[in-house]
Amino acid sequence: SLIDQFASRFARHFGYDYRHDALSWMREVRPQHRIHDKQGRFSNIGQSLHLKSGIISGYERVIIVDDITTTGATLLEASRAFHNEVGNMSRQNDLSCLAVTKVPLGEQFRSGETEEEPDIRLKR
């Protein structure tokens, strides 16, 4: 996917480890682009992502990359999953979120694509 290509190039360029499998869905969600109200998007995505246990151990900086940010619901859910895992660790990590898209404005609402998992970047 376009986001996967961007994220892997970004990671290589800035010296990050690339982990496309760090976040996973815990339950099925409807594609966010099919939900047009902010509260509906937050309800749809809430408590749906899980950060693999121990995957950020040893990293000081983490960047989560998503494809499109309209309300920020997916990135907030990814952040929740990150902080849930960090709560189990003794050391603090720096978290940043980045959204990148090449989709013309409004096209995301006409697309039939399904929701993809956000990618996560790790730096030691």
# chains A, B, ... in the order shown; residues from 1 in each chain; ligands from 1

call {"tool": "select_by_dssp", "arguments": {"residues": "segment 48-80 of chain A", "states": "helix (DSSP H, G or I)", "output": "PyMOL selection string"}}
result
chain A and resi 73-80

call {"tool": "residues_around", "arguments": {"residues": "segment 45-55 of chain A", "least_positions_apart": "2", "cutoff": "7 Å", "atoms": "only C-alpha atoms", "output": "PDB file with C-alpha atoms, in the first residue's frame"}}
result
ATOM      1  CA  ALA A  22       3.194  -3.798  16.020  1.00  0.00           C
ATOM      2  CA  LEU A  23      -0.479  -2.822  16.210  1.00  0.00           C
ATOM      3  CA  SER A  24      -3.289  -5.266  15.573  1.00  0.00           C
ATOM      4  CA  TRP A  25      -7.070  -5.192  15.637  1.00  0.00           C
ATOM      5  CA  MET A  26      -8.722  -6.775  18.680  1.00  0.00           C
ATOM      6  CA  ARG A  27     -12.145  -6.616  17.075  1.00  0.00           C
ATOM      7  CA  VAL A  29     -14.440  -2.151  12.962  1.00  0.00           C
ATOM      8  CA  ARG A  41     -15.938   7.426  14.362  1.00  0.00           C
ATOM      9  CA  PHE A  42     -14.708   7.502  17.966  1.00  0.00           C
ATOM     10  CA  SER A  43     -17.294   4.896  19.011  1.00  0.00           C
ATOM     11  CA  SER A  57      10.815  -2.225  24.969  1.00  0.00           C
ATOM     12  CA  ALA A  73      -9.977   8.837  16.072  1.00  0.00           C
ATOM     13  CA  THR A  74      -7.671   6.120  14.709  1.00  0.00           C
ATOM     14  CA  GLU A  77      -6.958   4.798  19.541  1.00  0.00           C
ATOM     15  CA  ALA A  78      -3.405   3.830  18.521  1.00  0.00           C
ATOM     16  CA  ALA A  81      -3.008   1.193  22.874  1.00  0.00           C
ATOM     17  CA  PHE A  82       0.539   2.590  23.143  1.00  0.00           C
ATOM     18  CA  GLU A  85       1.429  -0.897  27.011  1.00  0.00           C
TER      19      GLU A  85
END

call {"tool": "select_by_dssp", "arguments": {"residues": "segment 43-80 of chain A", "states": "strand (DSSP E)", "output": "list in words"}}
result
Leu49, His50, Leu51, Arg61, Val62, Ile63, Ile64, Val65 and Asp66 of chain A

call {"tool": "write_last_selection", "arguments": {"atoms": "all heavy atoms", "output": "mmCIF file, in the first residue's frame"}}
result
data_model
loop_
_atom_site.group_PDB
_atom_site.id
_atom_site.type_symbol
_atom_site.label_atom_id
_atom_site.label_comp_id
_atom_site.auth_asym_id
_atom_site.auth_seq_id
_atom_site.Cartn_x
_atom_site.Cartn_y
_atom_site.Cartn_z
ATOM 1 N N LEU A 49 -7.702 -1.438 19.073
ATOM 2 C CA LEU A 49 -6.311 -1.738 18.731
ATOM 3 C C LEU A 49 -5.530 -2.247 19.929
ATOM 4 O O LEU A 49 -5.797 -1.870 21.065
ATOM 5 C CB LEU A 49 -5.611 -0.494 18.166
ATOM 6 C CG LEU A 49 -6.023 -0.081 16.762
ATOM 7 C CD1 LEU A 49 -5.411 1.257 16.398
ATOM 8 C CD2 LEU A 49 -5.623 -1.146 15.749
ATOM 9 N N HIS A 50 -4.547 -3.072 19.632
ATOM 10 C CA HIS A 50 -3.685 -3.652 20.659
ATOM 11 C C HIS A 50 -2.240 -3.536 20.182
ATOM 12 O O HIS A 50 -1.933 -3.871 19.036
ATOM 13 C CB HIS A 50 -4.047 -5.115 20.871
ATOM 14 C CG HIS A 50 -3.079 -5.852 21.733
ATOM 15 N ND1 HIS A 50 -2.983 -5.640 23.091
ATOM 16 C CD2 HIS A 50 -2.147 -6.782 21.418
ATOM 17 C CE1 HIS A 50 -2.037 -6.424 23.574
ATOM 18 N NE2 HIS A 50 -1.513 -7.122 22.581
ATOM 19 N N LEU A 51 -1.369 -3.046 21.044
ATOM 20 C CA LEU A 51 0.062 -2.994 20.760
ATOM 21 C C LEU A 51 0.679 -4.271 21.305
ATOM 22 O O LEU A 51 0.482 -4.600 22.479
ATOM 23 C CB LEU A 51 0.693 -1.771 21.427
ATOM 24 C CG LEU A 51 2.178 -1.546 21.199
ATOM 25 C CD1 LEU A 51 2.464 -1.237 19.732
ATOM 26 C CD2 LEU A 51 2.672 -0.398 22.070
ATOM 27 N N ARG A 61 11.760 6.563 21.261
ATOM 28 C CA ARG A 61 10.844 7.343 20.432
ATOM 29 C C ARG A 61 10.051 6.409 19.537
ATOM 30 O O ARG A 61 10.611 5.526 18.897
ATOM 31 C CB ARG A 61 11.621 8.342 19.590
ATOM 32 C CG ARG A 61 10.726 9.158 18.676
ATOM 33 C CD ARG A 61 11.431 10.342 18.115
ATOM 34 N NE ARG A 61 11.664 11.269 19.226
ATOM 35 C CZ ARG A 61 12.648 12.134 19.259
ATOM 36 N NH1 ARG A 61 13.490 12.223 18.284
ATOM 37 N NH2 ARG A 61 12.797 12.945 20.298
ATOM 38 N N VAL A 62 8.747 6.626 19.488
ATOM 39 C CA VAL A 62 7.847 5.820 18.672
ATOM 40 C C VAL A 62 7.027 6.764 17.799
ATOM 41 O O VAL A 62 6.502 7.770 18.288
ATOM 42 C CB VAL A 62 6.912 4.965 19.558
ATOM 43 C CG1 VAL A 62 5.915 4.190 18.701
ATOM 44 C CG2 VAL A 62 7.720 4.025 20.444
ATOM 45 N N ILE A 63 6.920 6.451 16.519
ATOM 46 C CA ILE A 63 6.088 7.225 15.595
ATOM 47 C C ILE A 63 5.048 6.285 15.012
ATOM 48 O O ILE A 63 5.387 5.241 14.442
ATOM 49 C CB ILE A 63 6.914 7.860 14.462
ATOM 50 C CG1 ILE A 63 7.950 8.823 15.034
ATOM 51 C CG2 ILE A 63 5.988 8.574 13.469
ATOM 52 C CD1 ILE A 63 8.864 9.432 14.002
ATOM 53 N N ILE A 64 3.795 6.656 15.152
ATOM 54 C CA ILE A 64 2.692 5.900 14.558
ATOM 55 C C ILE A 64 2.281 6.629 13.286
ATOM 56 O O ILE A 64 2.061 7.840 13.306
ATOM 57 C CB ILE A 64 1.500 5.801 15.535
ATOM 58 C CG1 ILE A 64 1.922 5.027 16.789
ATOM 59 C CG2 ILE A 64 0.304 5.138 14.845
ATOM 60 C CD1 ILE A 64 0.882 5.031 17.891
ATOM 61 N N VAL A 65 2.197 5.897 12.180
ATOM 62 C CA VAL A 65 1.851 6.482 10.887
ATOM 63 C C VAL A 65 0.517 5.911 10.438
ATOM 64 O O VAL A 65 0.324 4.697 10.414
ATOM 65 C CB VAL A 65 2.939 6.181 9.829
ATOM 66 C CG1 VAL A 65 2.582 6.807 8.496
ATOM 67 C CG2 VAL A 65 4.299 6.679 10.309
ATOM 68 N N ASP A 66 -0.401 6.797 10.075
ATOM 69 C CA ASP A 66 -1.712 6.398 9.569
ATOM 70 C C ASP A 66 -1.907 7.059 8.215
ATOM 71 O O ASP A 66 -1.210 8.013 7.872
ATOM 72 C CB ASP A 66 -2.801 6.809 10.555
ATOM 73 C CG ASP A 66 -4.120 6.091 10.321
ATOM 74 O OD1 ASP A 66 -4.176 5.197 9.461
ATOM 75 O OD2 ASP A 66 -5.104 6.433 11.002
#

call {"tool": "closest_residue", "arguments": {"among": "A:His83, A:Asp67, A:Leu76, A:Tyr16", "to": "Asp4 of chain A", "atoms": "only C-alpha atoms"}}
result
A:Asp67

call {"tool": "residues_around", "arguments": {"residues": "Arg9 of chain A", "least_positions_apart": "6", "cutoff": "12 Å", "atoms": "only C-alpha atoms", "output": "PyMOL selection string"}}
result
chain A and resi 2-3+15-18+65+121

call {"tool": "write_last_selection", "arguments": {"atoms": "C-alpha atoms", "output": "mmCIF file, in the first residue's frame"}}
result
data_model
loop_
_atom_site.group_PDB
_atom_site.id
_atom_site.type_symbol
_atom_site.label_atom_id
_atom_site.label_comp_id
_atom_site.auth_asym_id
_atom_site.auth_seq_id
_atom_site.Cartn_x
_atom_site.Cartn_y
_atom_site.Cartn_z
ATOM 1 C CA LEU A 2 1.018 3.630 -0.426
ATOM 2 C CA ILE A 3 1.154 4.199 3.335
ATOM 3 C CA GLY A 15 17.036 5.672 11.131
ATOM 4 C CA TYR A 16 13.938 4.099 12.668
ATOM 5 C CA ASP A 17 13.099 0.420 12.876
ATOM 6 C CA TYR A 18 10.030 -0.367 10.795
ATOM 7 C CA VAL A 65 1.851 6.482 10.887
ATOM 8 C CA ARG A 121 7.898 3.151 13.786
#

call {"tool": "atom_distance", "arguments": {"atom1": "atom CA of Thr69 of chain A", "atom2": "atom CA of His13 of chain A"}}
result
23.0 Å

call {"tool": "atom_distance", "arguments": {"atom1": "atom CA of Ser8 of chain A", "atom2": "atom CA of Tyr59 of chain A"}}
result
17.3 Å

call {"tool": "atom_distance", "arguments": {"atom1": "atom CA of Val100 of chain A", "atom2": "atom CA of Ala11 of chain A"}}
result
13.8 Å
